[in-house]
Structures are given as structure tokens and as C-alpha cells.
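Peer 1: Next up, model.txt (compact mmCIF, N, CA and C atoms and all ligand atoms).
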```txt
# COMPACT_ATOMS: atom_id res chain seq x y z
N MET V 1 78.34 121.70 -57.56
CA MET V 1 77.75 122.87 -58.24
C MET V 1 76.43 123.26 -57.54
N ALA V 2 76.29 124.51 -57.32
CA ALA V 2 75.09 124.99 -56.62
C ALA V 2 73.87 124.85 -57.52
N GLU V 3 72.85 124.42 -56.91
CA GLU V 3 71.61 124.27 -57.66
C GLU V 3 70.92 125.63 -57.79
N THR V 4 70.57 125.99 -58.96
CA THR V 4 69.91 127.29 -59.13
C THR V 4 68.41 127.09 -59.26
N THR V 5 67.73 127.62 -58.29
CA THR V 5 66.28 127.57 -58.37
C THR V 5 65.81 128.95 -58.84
N PRO V 6 64.89 128.98 -59.76
CA PRO V 6 64.42 130.29 -60.22
C PRO V 6 63.80 131.07 -59.06
N SER V 7 64.26 132.30 -58.88
CA SER V 7 63.72 133.08 -57.76
C SER V 7 62.29 133.51 -58.09
N ARG V 8 61.41 133.10 -57.24
CA ARG V 8 60.01 133.42 -57.45
C ARG V 8 59.54 134.19 -56.24
N SER V 9 58.97 135.34 -56.47
CA SER V 9 58.60 136.21 -55.37
C SER V 9 57.48 135.61 -54.53
N LYS V 10 57.61 135.82 -53.22
CA LYS V 10 56.53 135.45 -52.32
C LYS V 10 55.48 136.55 -52.27
N TYR V 11 55.89 137.72 -52.76
CA TYR V 11 55.01 138.88 -52.66
C TYR V 11 54.04 138.92 -53.83
N THR V 12 52.89 138.30 -53.61
CA THR V 12 51.83 138.28 -54.62
C THR V 12 50.52 138.62 -53.93
N GLY V 13 49.58 139.10 -54.71
CA GLY V 13 48.29 139.42 -54.12
C GLY V 13 47.24 139.64 -55.18
N SER V 14 46.02 139.88 -54.72
CA SER V 14 44.92 140.11 -55.64
C SER V 14 43.80 140.84 -54.93
N CYS V 15 42.85 141.30 -55.74
CA CYS V 15 41.63 141.86 -55.18
C CYS V 15 40.74 140.71 -54.69
N LEU V 16 39.61 141.04 -54.12
CA LEU V 16 38.74 140.01 -53.55
C LEU V 16 38.24 139.02 -54.60
N CYS V 17 37.86 139.50 -55.79
CA CYS V 17 37.33 138.58 -56.81
C CYS V 17 38.43 137.88 -57.60
N GLY V 18 39.67 138.35 -57.45
CA GLY V 18 40.80 137.68 -58.10
C GLY V 18 41.07 138.11 -59.53
N THR V 19 40.31 139.05 -60.03
CA THR V 19 40.51 139.50 -61.42
C THR V 19 41.84 140.22 -61.59
N VAL V 20 42.13 141.11 -60.64
CA VAL V 20 43.38 141.88 -60.71
C VAL V 20 44.40 141.25 -59.77
N ARG V 21 45.55 140.87 -60.34
CA ARG V 21 46.60 140.25 -59.53
C ARG V 21 47.87 141.06 -59.63
N TRP V 22 48.69 141.02 -58.57
CA TRP V 22 49.98 141.70 -58.64
C TRP V 22 51.07 140.77 -58.13
N THR V 23 52.27 140.99 -58.64
CA THR V 23 53.45 140.23 -58.22
C THR V 23 54.62 141.20 -58.13
N SER V 24 55.41 141.06 -57.09
CA SER V 24 56.63 141.85 -57.01
C SER V 24 57.83 140.91 -57.01
N THR V 25 58.87 141.31 -57.75
CA THR V 25 60.08 140.50 -57.79
C THR V 25 61.01 140.82 -56.62
N THR V 26 60.68 141.88 -55.87
CA THR V 26 61.52 142.27 -54.73
C THR V 26 60.68 142.40 -53.46
N GLU V 27 61.40 142.49 -52.34
CA GLU V 27 60.74 142.78 -51.08
C GLU V 27 60.35 144.26 -51.07
N PRO V 28 59.39 144.63 -50.23
CA PRO V 28 59.01 146.05 -50.20
C PRO V 28 60.13 146.94 -49.67
N ASN V 29 60.17 148.18 -50.17
CA ASN V 29 61.13 149.18 -49.67
C ASN V 29 60.75 149.66 -48.28
N PHE V 30 59.47 149.72 -48.01
CA PHE V 30 59.00 150.09 -46.68
C PHE V 30 57.60 149.52 -46.48
N SER V 31 57.26 149.35 -45.22
CA SER V 31 55.95 148.79 -44.87
C SER V 31 55.42 149.54 -43.67
N GLY V 32 54.18 149.95 -43.74
CA GLY V 32 53.64 150.69 -42.60
C GLY V 32 52.13 150.83 -42.67
N TYR V 33 51.63 151.61 -41.72
CA TYR V 33 50.22 151.96 -41.69
C TYR V 33 50.10 153.42 -42.09
N CYS V 34 49.12 153.73 -42.89
CA CYS V 34 48.80 155.14 -43.09
C CYS V 34 47.51 155.42 -42.36
N CYS V 35 47.58 156.34 -41.41
CA CYS V 35 46.43 156.65 -40.56
C CYS V 35 45.79 157.97 -40.94
N CYS V 36 46.04 158.44 -42.17
CA CYS V 36 45.47 159.73 -42.57
C CYS V 36 43.96 159.61 -42.77
N ASN V 37 43.29 160.75 -42.70
CA ASN V 37 41.84 160.75 -42.83
C ASN V 37 41.38 160.22 -44.19
N SER V 38 42.16 160.48 -45.25
CA SER V 38 41.78 160.01 -46.58
C SER V 38 41.81 158.49 -46.66
N CYS V 39 42.84 157.87 -46.08
CA CYS V 39 42.92 156.40 -46.09
C CYS V 39 41.79 155.80 -45.25
N ARG V 40 41.45 156.47 -44.17
CA ARG V 40 40.34 155.98 -43.33
C ARG V 40 39.05 155.97 -44.14
N LYS V 41 38.77 157.08 -44.80
CA LYS V 41 37.54 157.17 -45.59
C LYS V 41 37.55 156.18 -46.76
N ALA V 42 38.68 156.13 -47.46
CA ALA V 42 38.76 155.28 -48.66
C ALA V 42 38.57 153.81 -48.32
N SER V 43 39.09 153.41 -47.16
CA SER V 43 39.06 151.99 -46.81
C SER V 43 37.83 151.62 -45.99
N GLY V 44 37.19 152.63 -45.40
CA GLY V 44 36.08 152.32 -44.50
C GLY V 44 36.58 151.66 -43.23
N SER V 45 37.87 151.86 -42.94
CA SER V 45 38.50 151.23 -41.77
C SER V 45 39.32 152.29 -41.04
N GLY V 46 40.12 151.87 -40.09
CA GLY V 46 40.85 152.83 -39.28
C GLY V 46 42.13 153.34 -39.92
N PHE V 47 42.67 152.60 -40.83
CA PHE V 47 43.95 152.94 -41.47
C PHE V 47 44.14 152.05 -42.68
N VAL V 48 45.16 152.35 -43.46
CA VAL V 48 45.51 151.48 -44.59
C VAL V 48 46.91 150.89 -44.35
N PRO V 49 47.02 149.57 -44.31
CA PRO V 49 48.34 148.96 -44.24
C PRO V 49 48.93 148.92 -45.65
N PHE V 50 50.15 149.43 -45.81
CA PHE V 50 50.69 149.53 -47.17
C PHE V 50 52.14 149.09 -47.24
N MET V 51 52.55 148.70 -48.44
CA MET V 51 53.94 148.34 -48.74
C MET V 51 54.37 149.14 -49.95
N GLY V 52 55.56 149.71 -49.88
CA GLY V 52 56.07 150.46 -51.02
C GLY V 52 56.96 149.59 -51.89
N PHE V 53 56.65 149.53 -53.18
CA PHE V 53 57.46 148.76 -54.13
C PHE V 53 57.90 149.67 -55.27
N PRO V 54 59.13 149.47 -55.77
CA PRO V 54 59.50 150.19 -56.99
C PRO V 54 58.67 149.67 -58.15
N ALA V 55 58.23 150.57 -59.02
CA ALA V 55 57.38 150.17 -60.14
C ALA V 55 58.06 149.11 -61.00
N SER V 56 59.40 149.17 -61.06
CA SER V 56 60.15 148.24 -61.91
C SER V 56 60.03 146.79 -61.44
N SER V 57 59.69 146.58 -60.18
CA SER V 57 59.60 145.22 -59.67
C SER V 57 58.17 144.70 -59.63
N LEU V 58 57.23 145.56 -60.00
CA LEU V 58 55.82 145.24 -59.84
C LEU V 58 55.15 144.93 -61.18
N THR V 59 54.41 143.82 -61.22
CA THR V 59 53.61 143.49 -62.40
C THR V 59 52.16 143.35 -61.96
N ILE V 60 51.29 144.01 -62.67
CA ILE V 60 49.87 143.96 -62.32
C ILE V 60 49.09 143.49 -63.53
N THR V 61 48.23 142.49 -63.32
CA THR V 61 47.49 141.92 -64.45
C THR V 61 46.07 142.48 -64.51
N ASN V 62 45.49 142.41 -65.70
CA ASN V 62 44.12 142.86 -65.93
C ASN V 62 43.88 144.30 -65.47
N THR V 63 44.82 145.18 -65.83
CA THR V 63 44.69 146.57 -65.39
C THR V 63 43.48 147.28 -66.02
N SER V 64 42.91 146.68 -67.07
CA SER V 64 41.70 147.29 -67.64
C SER V 64 40.52 147.14 -66.69
N ASN V 65 40.68 146.28 -65.69
CA ASN V 65 39.63 146.13 -64.67
C ASN V 65 39.80 147.08 -63.49
N LEU V 66 40.74 148.01 -63.63
CA LEU V 66 40.98 148.96 -62.55
C LEU V 66 40.30 150.29 -62.83
N GLN V 67 39.83 150.90 -61.79
CA GLN V 67 39.38 152.28 -61.90
C GLN V 67 40.19 153.11 -60.91
N GLN V 68 40.45 154.37 -61.28
CA GLN V 68 41.24 155.24 -60.41
C GLN V 68 40.32 156.26 -59.74
N TYR V 69 40.68 156.56 -58.52
CA TYR V 69 40.06 157.69 -57.85
C TYR V 69 41.18 158.57 -57.29
N THR V 70 41.12 159.84 -57.62
CA THR V 70 42.17 160.76 -57.19
C THR V 70 41.62 161.75 -56.18
N SER V 71 42.29 161.85 -55.05
CA SER V 71 41.92 162.85 -54.05
C SER V 71 43.16 163.68 -53.76
N LEU V 72 42.96 164.79 -53.08
CA LEU V 72 44.11 165.62 -52.73
C LEU V 72 44.60 165.27 -51.34
N SER V 73 45.91 165.07 -51.22
CA SER V 73 46.49 164.78 -49.91
C SER V 73 46.54 166.07 -49.09
N ASP V 74 46.89 165.94 -47.83
CA ASP V 74 47.01 167.10 -46.94
C ASP V 74 47.95 168.15 -47.51
N SER V 75 49.00 167.65 -48.17
CA SER V 75 49.99 168.59 -48.71
C SER V 75 49.57 169.13 -50.08
N GLY V 76 48.37 168.75 -50.54
CA GLY V 76 47.85 169.29 -51.78
C GLY V 76 48.26 168.55 -53.04
N THR V 77 48.99 167.42 -52.86
CA THR V 77 49.39 166.64 -54.02
C THR V 77 48.33 165.58 -54.31
N PRO V 78 48.11 165.24 -55.60
CA PRO V 78 47.09 164.25 -55.91
C PRO V 78 47.50 162.84 -55.44
N ALA V 79 46.57 162.16 -54.82
CA ALA V 79 46.80 160.78 -54.40
C ALA V 79 45.85 159.90 -55.19
N VAL V 80 46.43 159.00 -56.01
CA VAL V 80 45.63 158.14 -56.88
C VAL V 80 45.47 156.78 -56.23
N ARG V 81 44.24 156.32 -56.16
CA ARG V 81 43.96 154.97 -55.63
C ARG V 81 43.34 154.14 -56.75
N ASN V 82 43.76 152.89 -56.83
CA ASN V 82 43.25 151.98 -57.88
C ASN V 82 42.42 150.89 -57.23
N PHE V 83 41.21 150.72 -57.74
CA PHE V 83 40.37 149.65 -57.22
C PHE V 83 39.76 148.84 -58.35
N CYS V 84 39.40 147.60 -58.02
CA CYS V 84 38.83 146.68 -59.01
C CYS V 84 37.38 147.08 -59.28
N ILE V 85 37.03 147.24 -60.56
CA ILE V 85 35.67 147.67 -60.89
C ILE V 85 34.67 146.55 -60.68
N ASN V 86 35.15 145.33 -60.55
CA ASN V 86 34.22 144.21 -60.33
C ASN V 86 33.87 144.05 -58.85
N CYS V 87 34.88 144.07 -57.97
CA CYS V 87 34.61 143.78 -56.56
C CYS V 87 34.85 144.96 -55.63
N GLY V 88 35.48 146.02 -56.14
CA GLY V 88 35.65 147.23 -55.33
C GLY V 88 36.85 147.25 -54.41
N SER V 89 37.65 146.18 -54.38
CA SER V 89 38.82 146.17 -53.50
C SER V 89 39.82 147.24 -53.90
N LEU V 90 40.31 147.97 -52.92
CA LEU V 90 41.42 148.88 -53.17
C LEU V 90 42.69 148.05 -53.28
N ILE V 91 43.51 148.31 -54.28
CA ILE V 91 44.66 147.44 -54.51
C ILE V 91 46.00 148.18 -54.36
N PHE V 92 46.12 149.31 -55.02
CA PHE V 92 47.38 150.04 -54.90
C PHE V 92 47.18 151.51 -55.22
N GLY V 93 48.22 152.29 -54.84
CA GLY V 93 48.20 153.72 -55.09
C GLY V 93 49.20 154.10 -56.18
N GLY V 94 48.90 155.17 -56.86
CA GLY V 94 49.79 155.68 -57.90
C GLY V 94 49.30 155.30 -59.28
N GLU V 95 49.87 155.96 -60.29
CA GLU V 95 49.48 155.68 -61.67
C GLU V 95 50.35 154.60 -62.26
N TYR V 96 49.74 153.47 -62.61
CA TYR V 96 50.49 152.35 -63.16
C TYR V 96 51.12 152.73 -64.49
N ALA V 97 52.35 152.30 -64.68
CA ALA V 97 53.13 152.57 -65.91
C ALA V 97 53.49 154.04 -66.04
N VAL V 98 53.26 154.82 -64.99
CA VAL V 98 53.65 156.23 -64.99
C VAL V 98 54.58 156.52 -63.81
N ASP V 99 54.13 156.18 -62.61
CA ASP V 99 54.91 156.48 -61.41
C ASP V 99 56.08 155.51 -61.22
N ASP V 100 57.10 155.96 -60.49
CA ASP V 100 58.30 155.14 -60.25
C ASP V 100 58.12 154.19 -59.07
N GLU V 101 57.14 154.48 -58.26
CA GLU V 101 56.94 153.69 -57.05
C GLU V 101 55.45 153.57 -56.76
N HIS V 102 55.06 152.45 -56.16
CA HIS V 102 53.66 152.26 -55.82
C HIS V 102 53.51 151.82 -54.38
N THR V 103 52.41 152.24 -53.76
CA THR V 103 52.06 151.71 -52.46
C THR V 103 50.99 150.65 -52.70
N VAL V 104 51.29 149.44 -52.30
CA VAL V 104 50.33 148.35 -52.47
C VAL V 104 49.62 148.13 -51.13
N TYR V 105 48.31 148.00 -51.17
CA TYR V 105 47.53 147.78 -49.95
C TYR V 105 47.81 146.38 -49.44
N ALA V 106 48.36 146.30 -48.22
CA ALA V 106 48.87 145.02 -47.72
C ALA V 106 47.77 143.97 -47.53
N GLY V 107 46.54 144.43 -47.37
CA GLY V 107 45.45 143.48 -47.21
C GLY V 107 45.20 142.64 -48.45
N THR V 108 45.76 143.04 -49.59
CA THR V 108 45.58 142.26 -50.82
C THR V 108 46.57 141.10 -50.93
N LEU V 109 47.53 141.01 -50.01
CA LEU V 109 48.51 139.91 -50.05
C LEU V 109 47.84 138.54 -50.04
N ASP V 110 48.40 137.60 -50.80
CA ASP V 110 47.92 136.21 -50.72
C ASP V 110 48.30 135.62 -49.36
N ASP V 111 49.51 135.97 -48.89
CA ASP V 111 49.98 135.51 -47.59
C ASP V 111 50.14 136.73 -46.68
N ALA V 112 49.11 136.99 -45.88
CA ALA V 112 49.08 138.22 -45.07
C ALA V 112 50.22 138.29 -44.07
N SER V 113 50.82 137.14 -43.72
CA SER V 113 51.87 137.14 -42.71
C SER V 113 53.16 137.78 -43.22
N LEU V 114 53.25 138.03 -44.52
CA LEU V 114 54.46 138.66 -45.07
C LEU V 114 54.56 140.14 -44.71
N PHE V 115 53.46 140.72 -44.31
CA PHE V 115 53.44 142.16 -44.02
C PHE V 115 54.04 142.42 -42.64
N LYS V 116 55.11 143.24 -42.61
CA LYS V 116 55.79 143.57 -41.35
C LYS V 116 55.84 145.09 -41.19
N PRO V 117 54.79 145.67 -40.62
CA PRO V 117 54.74 147.13 -40.53
C PRO V 117 55.82 147.69 -39.60
N LYS V 118 56.49 148.76 -40.07
CA LYS V 118 57.58 149.36 -39.29
C LYS V 118 57.18 150.71 -38.71
N ALA V 119 56.29 151.40 -39.37
CA ALA V 119 55.96 152.76 -38.94
C ALA V 119 54.51 153.08 -39.24
N ALA V 120 53.97 154.00 -38.47
CA ALA V 120 52.63 154.51 -38.73
C ALA V 120 52.76 155.97 -39.11
N ILE V 121 52.38 156.29 -40.35
CA ILE V 121 52.45 157.69 -40.76
C ILE V 121 51.08 158.34 -40.56
N PHE V 122 51.11 159.66 -40.45
CA PHE V 122 49.91 160.44 -40.11
C PHE V 122 49.28 159.95 -38.81
N ASP V 123 50.17 159.62 -37.86
CA ASP V 123 49.69 159.15 -36.56
C ASP V 123 48.82 160.20 -35.88
N SER V 124 49.03 161.47 -36.22
CA SER V 124 48.25 162.55 -35.59
C SER V 124 46.78 162.47 -35.99
N GLU V 125 46.47 161.76 -37.09
CA GLU V 125 45.07 161.65 -37.53
C GLU V 125 44.46 160.30 -37.18
N ARG V 126 45.22 159.47 -36.48
CA ARG V 126 44.74 158.12 -36.14
C ARG V 126 43.63 158.19 -35.09
N PRO V 127 42.49 157.54 -35.35
CA PRO V 127 41.43 157.50 -34.34
C PRO V 127 41.89 156.73 -33.10
N GLU V 128 41.34 157.08 -31.96
CA GLU V 128 41.74 156.43 -30.71
C GLU V 128 41.46 154.94 -30.72
N TRP V 129 40.48 154.52 -31.51
CA TRP V 129 40.11 153.10 -31.52
C TRP V 129 41.01 152.25 -32.40
N VAL V 130 42.02 152.87 -32.98
CA VAL V 130 43.02 152.08 -33.72
C VAL V 130 44.26 151.95 -32.85
N GLU V 131 44.55 150.75 -32.42
CA GLU V 131 45.76 150.51 -31.62
C GLU V 131 46.88 150.07 -32.52
N LEU V 132 48.06 150.58 -32.24
CA LEU V 132 49.22 150.23 -33.06
C LEU V 132 49.98 149.08 -32.43
N PRO V 133 50.63 148.24 -33.28
CA PRO V 133 51.46 147.16 -32.73
C PRO V 133 52.61 147.74 -31.92
N GLU V 134 53.03 147.02 -30.92
CA GLU V 134 54.12 147.49 -30.07
C GLU V 134 55.40 147.65 -30.88
N GLY V 135 56.15 148.70 -30.57
CA GLY V 135 57.43 148.91 -31.22
C GLY V 135 57.38 149.61 -32.56
N ILE V 136 56.18 149.87 -33.05
CA ILE V 136 56.07 150.53 -34.35
C ILE V 136 56.43 152.01 -34.18
N LYS V 137 57.12 152.56 -35.18
CA LYS V 137 57.52 153.96 -35.13
C LYS V 137 56.32 154.84 -35.46
N ARG V 138 56.11 155.86 -34.65
CA ARG V 138 54.97 156.76 -34.87
C ARG V 138 55.45 158.06 -35.49
N ILE V 139 54.92 158.36 -36.66
CA ILE V 139 55.30 159.58 -37.36
C ILE V 139 54.05 160.45 -37.46
N PRO V 140 54.07 161.64 -36.82
CA PRO V 140 52.86 162.47 -36.76
C PRO V 140 52.26 162.78 -38.12
N LYS V 141 53.13 163.12 -39.10
CA LYS V 141 52.63 163.41 -40.45
C LYS V 141 53.20 162.39 -41.43
N MET V 142 53.96 162.85 -42.41
CA MET V 142 54.49 161.96 -43.44
C MET V 142 55.79 161.32 -43.00
ZN ZN V 201 38.19 142.27 -58.01
ZN ZN V 202 46.85 157.81 -46.01
```
Represent the supplied structure as C-alpha cells.
Ligand SMILES: [Zn+2]
Ligand SMILES: [Zn+2]

Peer 2:
Amino acid sequence: MAETTPSRSKYTGSCLCGTVRWTSTTEPNFSGYCCCNSCRKASGSGFVPFMGFPASSLTITNTSNLQQYTSLSDSGTPAVRNFCINCGSLIFGGEYAVDDEHTVYAGTLDDASLFKPKAAIFDSERPEWVELPEGIKRIPKM
């Protein structure tokens, strides 16, 4: 008889202070870099590494410790970013318990090696000082 081990996701993460934690029961639907100007400004870095998860697979704890900031994307749609009010870490995009899918900031992973970026979106806005990994797909806009 096959031994059944409870499936426990490897995809877990938190903000810097650890107050807000997330867990996904599934692997990400997509993984990439967003090189848009908004992500650059929001992160204070060259791009945002992100993973897309269906909301149904994602659990986020201590959401009362989150604050949202909404900016307009290039296409004019609102982009919501959630950050920890204690430590300021950006954690994920989208409205929790409202949206069907979320982009989780890959830097919040407990095990950073799980992130396997496949594409760079908004490559047309990427600063020259950001080098992309070899073989990554470059998408000029979305
Ligand atoms: Zn925090
Ligand atoms: Zn972006």
C-alpha cells in the first residue's frame, strides 16, 4: 500500500519582519520579472520578480498588517500592491479575497531557489543596468 504523506507546499514566504506570511498549495502559474517603471519605483530596484498564483491556492496570514497602495498601470488599470505596515516589505499584488489571481513578490520566498523566472515583461522599460538571465523570454510590454 502506498504511503500517503500529506502534501505540504514548498511555496511559502513572508515579509522581512515575519508578521505577514503566505502559503500556496500549488506551484505558480507563471514566474517572471516585471521591468515596468512602476515596479522599479515601488521596489527601489531594477525590476520586480513575481510569481502568479490562483487566489484559491493562496493563504495569507495577518492581513490586518497589510496596507495597499494603488497606482495606475500603463494601460490605465489600477495596480494594487500590498506591503507590511510594520517593516514595509512589498508582498503581493491584487486585492486579497477579491481578485482571482495574485502576483506574489518572489523575494518574499522562504526558499529563494524555488523561483524560476521564464519571461521578462515590460522589457522595453528595463534599465540598461538590469541584466536578464540567459534564455529568459523578453516581452516588450505585457
Ligand atoms: Zn513585515
Ligand atoms: Zn511592473

Peer 1: Please indicate the distance in Å from atom CA of V:Gly44 to atom CA of V:Trp129, rounded to one decimal place.

Peer 2: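 Here the two named atoms are 13.6 Å from each other.
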
Peer 1: What's around stretch 133-141 of chain V at 6.5 Å? Count all atoms listed in the file, leave out sequence neighbours fewer than 3 positions away in its own chain, and write the answer as a VMD selection string.

Peer 2: chain V and resid 117 to 125

Peer 1: Could you pull the residues within 9 Å of V:Val104, counting only C-alpha atoms, minus those fewer than 4 positions along the same chain, as a CSV table (one decimal) with N, CA and C atoms, keeping the file's coordinate frame?

Peer 2:
```csv
chain,number,residue,atom,x,y,z
V,49,PRO,N,47.0,149.6,-44.3
V,49,PRO,CA,48.3,149.0,-44.2
V,49,PRO,C,48.9,148.9,-45.6
V,50,PHE,N,50.2,149.4,-45.8
V,50,PHE,CA,50.7,149.5,-47.2
V,50,PHE,C,52.1,149.1,-47.2
V,51,MET,N,52.6,148.7,-48.4
V,51,MET,CA,53.9,148.3,-48.7
V,51,MET,C,54.4,149.1,-50.0
V,52,GLY,N,55.6,149.7,-49.9
V,52,GLY,CA,56.1,150.5,-51.0
V,52,GLY,C,57.0,149.6,-51.9
V,53,PHE,N,56.6,149.5,-53.2
V,53,PHE,CA,57.5,148.8,-54.1
V,53,PHE,C,57.9,149.7,-55.3
V,90,LEU,N,40.3,148.0,-52.9
V,90,LEU,CA,41.4,148.9,-53.2
V,90,LEU,C,42.7,148.0,-53.3
V,91,ILE,N,43.5,148.3,-54.3
V,91,ILE,CA,44.7,147.4,-54.5
V,91,ILE,C,46.0,148.2,-54.4
V,92,PHE,N,46.1,149.3,-55.0
V,92,PHE,CA,47.4,150.0,-54.9
V,92,PHE,C,47.2,151.5,-55.2
V,93,GLY,N,48.2,152.3,-54.8
V,93,GLY,CA,48.2,153.7,-55.1
V,93,GLY,C,49.2,154.1,-56.2
V,108,THR,N,45.8,143.0,-49.6
V,108,THR,CA,45.6,142.3,-50.8
V,108,THR,C,46.6,141.1,-50.9
V,109,LEU,N,47.5,141.0,-50.0
V,109,LEU,CA,48.5,139.9,-50.0
V,109,LEU,C,47.8,138.5,-50.0
```

Peer 1: Can you tell me which residues come within 7 Å of ligand ZN 201 (chain V) when counting all atoms listed in the file, ideally as a PDB file with N, CA and C atoms, in the frame of the given file?

Peer 2:
```pdb
ATOM      1  N   SER V  14      46.020 139.880 -54.720  1.00  0.00           N
ATOM      2  CA  SER V  14      44.920 140.110 -55.640  1.00  0.00           C
ATOM      3  C   SER V  14      43.800 140.840 -54.930  1.00  0.00           C
ATOM      4  N   CYS V  15      42.850 141.300 -55.740  1.00  0.00           N
ATOM      5  CA  CYS V  15      41.630 141.860 -55.180  1.00  0.00           C
ATOM      6  C   CYS V  15      40.740 140.710 -54.690  1.00  0.00           C
ATOM      7  N   LEU V  16      39.610 141.040 -54.120  1.00  0.00           N
ATOM      8  CA  LEU V  16      38.740 140.010 -53.550  1.00  0.00           C
ATOM      9  C   LEU V  16      38.240 139.020 -54.600  1.00  0.00           C
ATOM     10  N   CYS V  17      37.860 139.500 -55.790  1.00  0.00           N
ATOM     11  CA  CYS V  17      37.330 138.580 -56.810  1.00  0.00           C
ATOM     12  C   CYS V  17      38.430 137.880 -57.600  1.00  0.00           C
ATOM     13  N   GLY V  18      39.670 138.350 -57.450  1.00  0.00           N
ATOM     14  CA  GLY V  18      40.800 137.680 -58.100  1.00  0.00           C
ATOM     15  C   GLY V  18      41.070 138.110 -59.530  1.00  0.00           C
ATOM     16  N   THR V  19      40.310 139.050 -60.030  1.00  0.00           N
ATOM     17  CA  THR V  19      40.510 139.500 -61.420  1.00  0.00           C
ATOM     18  C   THR V  19      41.840 140.220 -61.590  1.00  0.00           C
ATOM     19  N   VAL V  20      42.130 141.110 -60.640  1.00  0.00           N
ATOM     20  CA  VAL V  20      43.380 141.880 -60.710  1.00  0.00           C
ATOM     21  C   VAL V  20      44.400 141.250 -59.770  1.00  0.00           C
ATOM     22  N   PHE V  83      41.210 150.720 -57.740  1.00  0.00           N
ATOM     23  CA  PHE V  83      40.370 149.650 -57.220  1.00  0.00           C
ATOM     24  C   PHE V  83      39.760 148.840 -58.350  1.00  0.00           C
ATOM     25  N   CYS V  84      39.400 147.600 -58.020  1.00  0.00           N
ATOM     26  CA  CYS V  84      38.830 146.680 -59.010  1.00  0.00           C
ATOM     27  C   CYS V  84      37.380 147.080 -59.280  1.00  0.00           C
ATOM     28  N   ILE V  85      37.030 147.240 -60.560  1.00  0.00           N
ATOM     29  CA  ILE V  85      35.670 147.670 -60.890  1.00  0.00           C
ATOM     30  C   ILE V  85      34.670 146.550 -60.680  1.00  0.00           C
ATOM     31  N   ASN V  86      35.150 145.330 -60.550  1.00  0.00           N
ATOM     32  CA  ASN V  86      34.220 144.210 -60.330  1.00  0.00           C
ATOM     33  C   ASN V  86      33.870 144.050 -58.850  1.00  0.00           C
ATOM     34  N   CYS V  87      34.880 144.070 -57.970  1.00  0.00           N
ATOM     35  CA  CYS V  87      34.610 143.780 -56.560  1.00  0.00           C
ATOM     36  C   CYS V  87      34.850 144.960 -55.630  1.00  0.00           C
ATOM     37  N   GLY V  88      35.480 146.020 -56.140  1.00  0.00           N
ATOM     38  CA  GLY V  88      35.650 147.230 -55.330  1.00  0.00           C
ATOM     39  C   GLY V  88      36.850 147.250 -54.410  1.00  0.00           C
ATOM     40  N   SER V  89      37.650 146.180 -54.380  1.00  0.00           N
ATOM     41  CA  SER V  89      38.820 146.170 -53.500  1.00  0.00           C
ATOM     42  C   SER V  89      39.820 147.240 -53.900  1.00  0.00           C
TER      43      SER V  89
END
```

Peer 1: Starting from 8 Å padding per side, set up an axis-aligned box that covers all listed atoms of stretch 101-111 of chain V and hand over centre and edge lengths in Å, one decimal, as AutoDock Vina command-line options.

Peer 2:
```
--center_x 51.2 --center_y 145.0 --center_z -52.5 --size_x 27.9 --size_y 35.0 --size_z 27.6
```
